[in-house]
file my_file-v6.tsv (TSV, C-alpha atoms and all ligand atoms)
chain	number	residue	atom	x	y	z
A	1	MET	CA	-0.79	23.08	10.20
A	2	SER	CA	-4.38	23.34	11.21
A	3	ASN	CA	-6.02	22.20	14.36
A	4	LEU	CA	-7.71	18.77	14.34
A	5	ILE	CA	-8.30	18.11	18.03
A	6	GLU	CA	-8.33	20.38	21.03
A	7	MET	CA	-8.82	19.41	24.66
A	8	ILE	CA	-9.48	22.13	27.21
A	9	ASP	CA	-9.18	21.21	30.89
A	10	VAL	CA	-10.58	17.75	30.26
A	11	LYS	CA	-11.33	15.50	33.23
A	12	LYS	CA	-12.94	12.08	33.30
A	13	ASP	CA	-14.13	10.22	36.39
A	14	PHE	CA	-15.53	6.71	36.54
A	15	GLY	CA	-17.76	5.36	39.31
A	16	SER	CA	-18.75	7.20	42.45
A	17	GLY	CA	-18.25	7.05	46.20
A	18	GLU	CA	-15.79	4.34	47.15
A	19	THR	CA	-15.31	3.28	43.53
A	20	LEU	CA	-14.60	6.79	42.20
A	21	VAL	CA	-11.60	6.84	39.83
A	22	HIS	CA	-10.11	10.05	38.42
A	23	ALA	CA	-8.97	8.49	35.13
A	24	ILE	CA	-8.16	11.82	33.42
A	25	ARG	CA	-7.31	14.64	35.80
A	26	GLY	CA	-6.97	17.72	33.59
A	27	ILE	CA	-5.60	17.66	30.04
A	28	ASN	CA	-5.00	20.66	27.80
A	29	LEU	CA	-3.79	19.72	24.36
A	30	ARG	CA	-3.89	20.59	20.70
A	31	ILE	CA	-3.21	18.12	17.90
A	32	ASP	CA	-2.71	19.42	14.38
A	33	LYS	CA	-3.72	17.71	11.15
A	34	GLY	CA	-1.05	15.35	9.87
A	35	GLU	CA	0.71	14.73	13.19
A	36	PHE	CA	1.82	11.26	14.29
A	37	VAL	CA	1.20	11.24	18.03
A	38	VAL	CA	2.22	8.41	20.34
A	39	ILE	CA	0.77	8.04	23.82
A	40	LEU	CA	3.15	6.32	26.19
A	41	GLY	CA	2.39	5.37	29.77
A	42	LYS	CA	2.09	2.51	32.20
A	43	SER	CA	-1.04	0.39	32.51
A	44	GLY	CA	-3.78	2.37	34.26
A	45	SER	CA	-2.30	5.78	33.43
A	46	GLY	CA	-5.37	6.73	31.36
A	47	LYS	CA	-4.25	6.08	27.76
A	48	SER	CA	-7.35	4.20	26.59
A	49	THR	CA	-9.67	6.67	28.32
A	50	PHE	CA	-7.86	9.53	26.57
A	51	ILE	CA	-8.32	7.84	23.16
A	52	SER	CA	-12.01	7.15	23.86
A	53	LEU	CA	-12.59	10.81	24.73
A	54	ILE	CA	-11.02	11.93	21.46
A	55	GLY	CA	-13.04	9.39	19.48
A	56	GLY	CA	-16.26	10.65	21.07
A	57	LEU	CA	-16.92	7.20	22.56
A	58	ILE	CA	-17.23	8.66	26.05
A	59	GLN	CA	-17.99	12.18	27.27
A	60	PRO	CA	-15.71	14.07	29.66
A	61	THR	CA	-16.89	14.70	33.22
A	62	SER	CA	-15.78	18.31	32.68
A	63	GLY	CA	-13.91	20.31	30.07
A	64	THR	CA	-14.21	20.39	26.29
A	65	VAL	CA	-13.08	18.13	23.46
A	66	THR	CA	-13.28	19.61	19.96
A	67	PHE	CA	-12.81	17.77	16.67
A	68	GLU	CA	-12.31	19.89	13.53
A	69	GLY	CA	-13.41	22.91	15.56
A	70	ILE	CA	-16.67	21.43	16.81
A	71	ASP	CA	-17.34	20.77	20.50
A	72	LEU	CA	-18.21	17.05	20.70
A	73	SER	CA	-20.69	17.68	23.51
A	74	LYS	CA	-22.69	19.86	21.09
A	75	LYS	CA	-23.07	17.05	18.54
A	76	SER	CA	-26.20	14.93	18.45
A	77	GLU	CA	-25.89	11.16	18.90
A	78	ASP	CA	-26.42	10.78	15.15
A	79	ASP	CA	-23.68	13.27	14.32
A	80	LEU	CA	-21.32	11.58	16.75
A	81	ALA	CA	-22.06	8.18	15.23
A	82	ARG	CA	-21.45	9.55	11.74
A	83	MET	CA	-18.18	11.15	12.84
A	84	ARG	CA	-17.02	7.83	14.31
A	85	ARG	CA	-18.00	6.01	11.13
A	86	THR	CA	-16.57	8.34	8.52
A	87	GLU	CA	-13.92	10.60	10.06
A	88	ILE	CA	-12.22	8.26	12.52
A	89	GLY	CA	-10.68	4.87	11.77
A	90	VAL	CA	-9.92	2.53	14.66
A	91	VAL	CA	-7.21	-0.16	14.75
A	92	PHE	CA	-7.57	-2.76	17.50
A	93	GLN	CA	-4.99	-4.75	19.44
A	94	HIS	CA	-6.83	-8.04	18.78
A	95	PHE	CA	-7.59	-7.13	15.11
A	96	ASN	CA	-11.38	-7.75	15.54
A	97	LEU	CA	-11.81	-9.26	12.06
A	98	MET	CA	-14.90	-11.23	11.05
A	99	ASP	CA	-13.84	-14.88	10.71
A	100	MET	CA	-16.46	-15.74	8.08
A	101	LEU	CA	-15.39	-12.94	5.74
A	102	THR	CA	-12.36	-12.80	3.44
A	103	ALA	CA	-9.74	-10.06	3.81
A	104	ILE	CA	-11.36	-7.93	1.13
A	105	GLU	CA	-14.86	-8.46	2.57
A	106	ASN	CA	-13.60	-7.37	5.99
A	107	VAL	CA	-12.20	-4.19	4.47
A	108	GLU	CA	-15.43	-3.56	2.56
A	109	LEU	CA	-17.53	-3.78	5.70
A	110	PRO	CA	-17.47	-0.06	6.63
A	111	LEU	CA	-18.53	0.77	3.06
A	112	LEU	CA	-21.33	-1.77	3.26
A	113	ILE	CA	-22.55	-0.08	6.44
A	114	ALA	CA	-22.41	3.26	4.59
A	115	ASN	CA	-24.55	1.73	1.77
A	116	THR	CA	-21.83	2.08	-0.88
A	117	PRO	CA	-22.79	-0.11	-3.88
A	118	LYS	CA	-20.84	-3.35	-4.26
A	119	ALA	CA	-19.36	-2.32	-7.62
A	120	GLU	CA	-17.71	0.67	-5.92
A	121	ARG	CA	-16.69	-1.20	-2.75
A	122	ARG	CA	-14.48	-3.86	-4.37
A	123	PRO	CA	-11.99	-1.59	-6.17
A	124	LEU	CA	-11.62	0.72	-3.15
A	125	ALA	CA	-10.98	-2.22	-0.82
A	126	LYS	CA	-8.53	-3.77	-3.28
A	127	GLU	CA	-6.62	-0.51	-3.63
A	128	ILE	CA	-6.20	0.00	0.10
A	129	LEU	CA	-5.23	-3.67	0.67
A	130	GLU	CA	-2.55	-3.23	-2.00
A	131	LYS	CA	-1.32	-0.11	-0.18
A	132	VAL	CA	-0.83	-2.11	3.03
A	133	GLY	CA	1.03	-4.85	1.14
A	134	LEU	CA	-1.74	-7.46	0.96
A	135	GLY	CA	-2.53	-7.37	-2.75
A	136	ASP	CA	-1.95	-11.14	-2.91
A	137	ARG	CA	-4.16	-12.01	0.09
A	138	LEU	CA	-7.48	-10.47	-0.95
A	139	LEU	CA	-9.48	-13.70	-0.83
A	140	ASN	CA	-7.91	-15.31	2.22
A	141	TYR	CA	-9.87	-15.77	5.43
A	142	PRO	CA	-8.42	-14.44	8.72
A	143	GLU	CA	-7.46	-17.95	9.88
A	144	GLU	CA	-5.25	-18.25	6.77
A	145	LEU	CA	-3.35	-15.07	7.64
A	146	SER	CA	-0.42	-14.43	10.01
A	147	GLY	CA	-0.84	-11.99	12.92
A	148	GLY	CA	0.93	-9.24	11.00
A	149	GLU	CA	-1.26	-9.83	7.95
A	150	LYS	CA	-4.40	-9.72	10.09
A	151	GLN	CA	-3.33	-6.38	11.50
A	152	ARG	CA	-2.72	-5.09	7.96
A	153	VAL	CA	-6.30	-6.05	7.13
A	154	GLY	CA	-7.39	-4.21	10.31
A	155	ILE	CA	-5.47	-1.12	9.21
A	156	ALA	CA	-6.92	-1.27	5.68
A	157	ARG	CA	-10.44	-1.54	7.11
A	158	ALA	CA	-9.76	1.48	9.35
A	159	LEU	CA	-8.58	3.52	6.34
A	160	ILE	CA	-11.27	2.60	3.82
A	161	ASN	CA	-13.42	5.68	4.55
A	162	ARG	CA	-10.40	8.01	4.24
A	163	PRO	CA	-10.68	9.13	7.88
A	164	ALA	CA	-8.97	12.31	9.03
A	165	LEU	CA	-7.88	10.48	12.19
A	166	LEU	CA	-6.59	6.97	12.81
A	167	LEU	CA	-6.80	5.76	16.42
A	168	ALA	CA	-4.75	2.72	17.41
A	169	ASP	CA	-4.69	1.36	20.98
A	170	GLU	CA	-1.70	-0.99	21.37
A	171	PRO	CA	-1.83	-2.14	17.71
A	172	THR	CA	1.31	-4.27	18.17
A	173	GLY	CA	0.28	-5.79	21.51
A	174	ASP	CA	-0.53	-9.20	19.98
A	175	LEU	CA	2.49	-9.31	17.66
A	176	ASP	CA	6.11	-10.39	18.03
A	177	THR	CA	8.78	-7.67	18.02
A	178	VAL	CA	9.80	-7.94	14.36
A	179	THR	CA	6.20	-8.06	13.06
A	180	GLY	CA	5.21	-5.23	15.41
A	181	ASP	CA	8.04	-3.08	14.09
A	182	MET	CA	6.84	-3.68	10.52
A	183	ILE	CA	3.34	-2.55	11.51
A	184	ILE	CA	4.79	0.65	13.01
A	185	ASP	CA	6.76	1.29	9.82
A	186	LEU	CA	3.55	0.83	7.84
A	187	MET	CA	1.72	3.34	10.05
A	188	VAL	CA	4.53	5.86	9.53
A	189	GLU	CA	4.22	5.34	5.77
A	190	ILE	CA	0.44	5.79	5.94
A	191	ASN	CA	0.86	9.05	7.85
A	192	LYS	CA	3.41	10.40	5.34
A	193	ASP	CA	2.39	8.95	1.99
A	194	LEU	CA	-1.39	8.58	1.73
A	195	ASP	CA	-2.76	11.51	-0.26
A	196	TRP	CA	-5.02	12.78	2.55
A	197	ARG	CA	-2.24	12.47	5.20
A	198	PRO	CA	-4.28	10.96	8.05
A	199	THR	CA	-3.42	12.10	11.55
A	200	ILE	CA	-2.40	9.14	13.72
A	201	LEU	CA	-2.87	8.71	17.44
A	202	MET	CA	-1.28	5.51	18.69
A	203	VAL	CA	-1.05	4.09	22.19
A	204	THR	CA	1.86	1.91	23.17
A	205	HIS	CA	3.77	1.15	26.34
A	206	ASP	CA	6.83	0.02	24.39
A	207	VAL	CA	9.47	2.73	23.85
A	208	THR	CA	11.17	0.66	21.13
A	209	LYS	CA	8.18	1.46	18.92
A	210	LEU	CA	9.15	5.15	18.74
A	211	ARG	CA	10.50	6.60	15.50
A	212	GLU	CA	12.25	9.89	14.90
A	213	GLY	CA	9.79	12.74	14.34
A	214	MET	CA	6.91	11.24	16.29
A	215	ARG	CA	5.29	13.49	18.89
A	216	VAL	CA	5.37	11.59	22.16
A	217	LEU	CA	2.90	12.30	24.97
A	218	THR	CA	3.78	10.55	28.21
A	219	MET	CA	0.89	9.90	30.58
A	220	ARG	CA	1.01	9.26	34.30
A	221	ASP	CA	-1.94	9.09	36.70
A	222	GLY	CA	-4.37	10.71	34.26
A	223	LEU	CA	-2.09	13.57	33.26
A	224	ILE	CA	0.24	14.28	30.36
A	225	VAL	CA	3.58	14.68	32.12
A	226	ASP	CA	5.72	15.11	29.02
A	227	ASP	CA	5.11	16.26	25.43
A	228	ARG	CA	7.99	16.31	22.95
A	229	VAL	CA	9.02	15.33	19.44
A	230	PHE	CA	11.28	12.29	19.56
A	231	ASP	CA	14.66	13.14	18.11
A	232	GLY	CA	15.74	9.56	17.41
A	233	SER	CA	18.12	9.32	20.37
A	234	ASP	CA	18.02	6.44	22.87
A	235	PRO	CA	14.27	5.77	23.32
A	236	THR	CA	14.79	4.27	26.79
A	237	ILE	CA	14.99	7.86	28.01
A	238	PHE	CA	11.17	7.80	27.90
A	239	ASP	CA	11.15	5.05	30.54
A	240	HIS	CA	12.15	7.74	33.00
A	241	PHE	CA	9.13	9.92	32.40
A	242	GLY	CA	6.98	7.62	34.53
A	243	LEU	CA	9.08	8.61	37.53
A	244	PRO	CA	8.19	11.37	39.98
A	245	SER	CA	9.03	14.81	38.60
A	246	GLU	CA	11.89	15.50	41.01
A	247	ILE	CA	13.70	12.41	39.69
A	248	ARG	CA	12.66	13.05	36.11
A	249	SER	CA	14.06	16.55	36.02
A	250	ASN	CA	17.45	15.07	36.90
A	251	VAL	CA	17.20	12.68	33.99
A	252	VAL	CA	16.19	14.99	31.17
A	253	SER	CA	15.42	18.67	31.11
A	254	LYS	CA	12.84	19.82	28.63
A	301	LIG	N1	-15.27	1.99	32.21
A	301	LIG	C1	-14.54	2.15	33.33
A	301	LIG	N2	-15.10	2.05	34.55
A	301	LIG	C2	-14.39	2.22	35.67
A	301	LIG	N3	-13.07	2.52	35.69
A	301	LIG	C3	-12.44	2.63	34.51
A	301	LIG	C4	-13.13	2.45	33.27
A	301	LIG	N4	-12.25	2.64	32.25
A	301	LIG	C5	-11.06	2.90	32.83
A	301	LIG	N5	-11.17	2.91	34.19
A	301	LIG	C6	-10.09	3.21	35.16
A	301	LIG	O1	-9.46	4.40	34.74
A	301	LIG	C7	-8.05	4.31	34.90
A	301	LIG	C8	-7.37	4.50	33.55
A	301	LIG	O2	-7.68	3.38	32.73
A	301	LIG	P1	-7.23	3.26	31.20
A	301	LIG	O3	-7.58	4.50	30.50
A	301	LIG	O4	-7.79	1.98	30.68
A	301	LIG	O5	-5.63	3.16	31.34
A	301	LIG	P2	-4.54	2.54	30.33
A	301	LIG	O6	-5.17	2.42	28.99
A	301	LIG	O7	-3.40	3.51	30.38
A	301	LIG	O8	-4.14	1.22	30.91
A	301	LIG	C9	-7.77	2.97	35.53
A	301	LIG	O9	-7.71	3.15	36.93
A	301	LIG	C10	-8.99	2.16	35.14
A	301	LIG	O10	-9.25	1.13	36.08
A	302	MG	MG	-5.37	0.75	27.73
call {"tool": "encode", "arguments": {"input": "my_file-v6.tsv", "output": "structure tokens", "more": "lines below"}}
Ligand SMILES: Nc1ncnc2c1ncn2[C@@H]1O[C@H](COP(=O)(O)OP(=O)(O)O)[C@@H](O)[C@H]1O
Ligand SMILES: [Mg+2]
result
Amino acid sequence: MSNLIEMIDVKKDFGSGETLVHAIRGINLRIDKGEFVVILGKSGSGKSTFISLIGGLIQPTSGTVTFEGIDLSKKSEDDLARMRRTEIGVVFQHFNLMDMLTAIENVELPLLIANTPKAERRPLAKEILEKVGLGDRLLNYPEELSGGEKQRVGIARALINRPALLLADEPTGDLDTVTGDMIIDLMVEINKDLDWRPTILMVTHDVTKLREGMRVLTMRDGLIVDDRVFDGSDPTIFDHFGLPSEIRSNVVSK
């Protein structure tokens, strides 16, 4: 598989002096096209910062982030904005739908921003809404949809531009367990079945959301402390990776 994202010795600090925080303390990583990568870690471990660096929303304090072989720090603001619009889809925990727009209008929005004519927008939005199982909800407003349905609209909107990368920060955080599991199953399907095989990077702190074959990065204190493909065994084993290394090595050896 070919390289989509590479991080070389990436560090990110916030603030200065007494408020200085080392949010990311040195990450080296390569993500290939088509991978389904899950970022696990406790609150404050740096997961959202890591995602923002990959999406080009923030710049590293030091080190290099490349996307499709291009160093993000070498891109102009315009190029970065275009990359975020067309090559990266973002799924939000709180869905972030527009209340005054129907499901299909919400999904069309990124195409509207890209100046795609209305006659082309409708069929594309309809097709992707059908793919996420909402073919019968096209004209409903967000307030008429369940939480799971809203997140399906959010996922369809994120996919409408056929992005190479889908970023999702706690996409099941506002959903009950059963609905959340259905959303994860949908994301697995998207990763496997859509013709352009989008790469998925998903943050969660819930080990029950893991599925066999996912690559799991465990973060602690701004570092990736574990990187493995989940083999489908008891996912609670990942709870242990937040522990200090001397304890962890007694729990599981790599
Ligand atoms: N914009 C910011 N300004 C200052 N500190 C920040 C900012 N974003 C994140 N941090 C700090 O960086 C650390 C990592 O945060 P974050 O990436 O949000 O972790 P997570 O998503 O794992 O909960 C935390 O200590 C957090 O307070
Ligand atoms: Mg976070």
call {"tool": "residues_near_ligand", "arguments": {"input": "my_file-v6.tsv", "ligand": "ligand LIG 301 (chain A)", "cutoff": "12 Å", "atoms": "all atoms listed in the file", "output": "PyMOL selection string"}}
result
chain A and resi 11-16+18-25+39-53+57-59+93+168-170+202-205+218-224+242
call {"tool": "closest_residue", "arguments": {"input": "my_file-v6.tsv", "among": "A:Leu112, A:Arg85, A:Pro171, A:Gly34", "to": "ligand MG 302 (chain A)", "atoms": "all atoms listed in the file"}}
result
A:Pro171
call {"tool": "axis_aligned_box", "arguments": {"input": "my_file-v6.tsv", "around": "stretch 132-141 of chain A", "padding_each_side": "3 Å", "output": "JSON"}}
result
{"center_x": -4.4, "center_y": -8.9, "center_z": 1.3, "size_x": 16.9, "size_y": 19.7, "size_z": 14.3}
call {"tool": "residues_near_point", "arguments": {"input": "my_file-v6.tsv", "point": "(-2.7, 19.9, 22.9)", "cutoff": "7 Å", "atoms": "only C-alpha atoms", "output": "list in words"}}
result
Glu6, Met7, Asn28, Leu29, Arg30 and Ile31 of chain A
call {"tool": "atom_distance", "arguments": {"input": "my_file-v6.tsv", "atom1": "atom CA of A:Leu201", "atom2": "atom CA of A:Val107"}}
result
20.5 Å
call {"tool": "atom_distance", "arguments": {"input": "my_file-v6.tsv", "atom1": "atom CA of A:Leu166", "atom2": "atom CA of A:Thr236"}}
result
25.7 Å
call {"tool": "closest_residue", "arguments": {"input": "my_file-v6.tsv", "among": "A:Phe92, A:Phe67, A:Trp196, A:Phe36", "to": "ligand MG 302 (chain A)", "atoms": "all atoms listed in the file"}}
result
A:Phe92
call {"tool": "atom_distance", "arguments": {"input": "my_file-v6.tsv", "atom1": "atom CA of A:Ala156", "atom2": "atom CA of A:Gly69"}}
result
26.9 Å
call {"tool": "closest_residue", "arguments": {"input": "my_file-v6.tsv", "among": "A:Leu139, A:Val38, A:Ile200, A:Val132", "to": "A:Arg228", "atoms": "all atoms listed in the file"}}
result
A:Val38
call {"tool": "residues_around", "arguments": {"input": "my_file-v6.tsv", "residues": "A:Leu80", "least_positions_apart": "4", "cutoff": "12 Å", "atoms": "all atoms listed in the file", "output": "ChimeraX atom specification"}}
result
/A:53-59,66-67,70-76,84-88
call {"tool": "closest_residue", "arguments": {"input": "my_file-v6.tsv", "among": "A:Arg137, A:Arg152, A:Arg121, A:Lys131", "to": "A:Leu175", "atoms": "all atoms listed in the file"}}
result
A:Arg152
call {"tool": "closest_residue", "arguments": {"input": "my_file-v6.tsv", "among": "A:Ile160, A:Val90, A:Leu134, A:Val229", "to": "A:Ile113", "atoms": "only C-alpha atoms"}}
result
A:Ile160
call {"tool": "residues_near_point", "arguments": {"input": "my_file-v6.tsv", "point": "(9.5, 5.4, 19.7)", "cutoff": "9 Å", "atoms": "all atoms listed in the file", "output": "PyMOL selection string"}}
result
chain A and resi 38+206-212+214+216+230+232+235-236+238
call {"tool": "closest_residue", "arguments": {"input": "my_file-v6.tsv", "among": "A:Gly173, A:Ile5, A:Asp79, A:Leu194", "to": "ligand MG 302 (chain A)", "atoms": "all atoms listed in the file"}}
result
A:Gly173
call {"tool": "residues_around", "arguments": {"input": "my_file-v6.tsv", "residues": "A:Asp174", "least_positions_apart": "6", "cutoff": "12 Å", "atoms": "only C-alpha atoms", "output": "PyMOL selection string"}}
result
chain A and resi 92-96+146-148+150-151+180+183+204
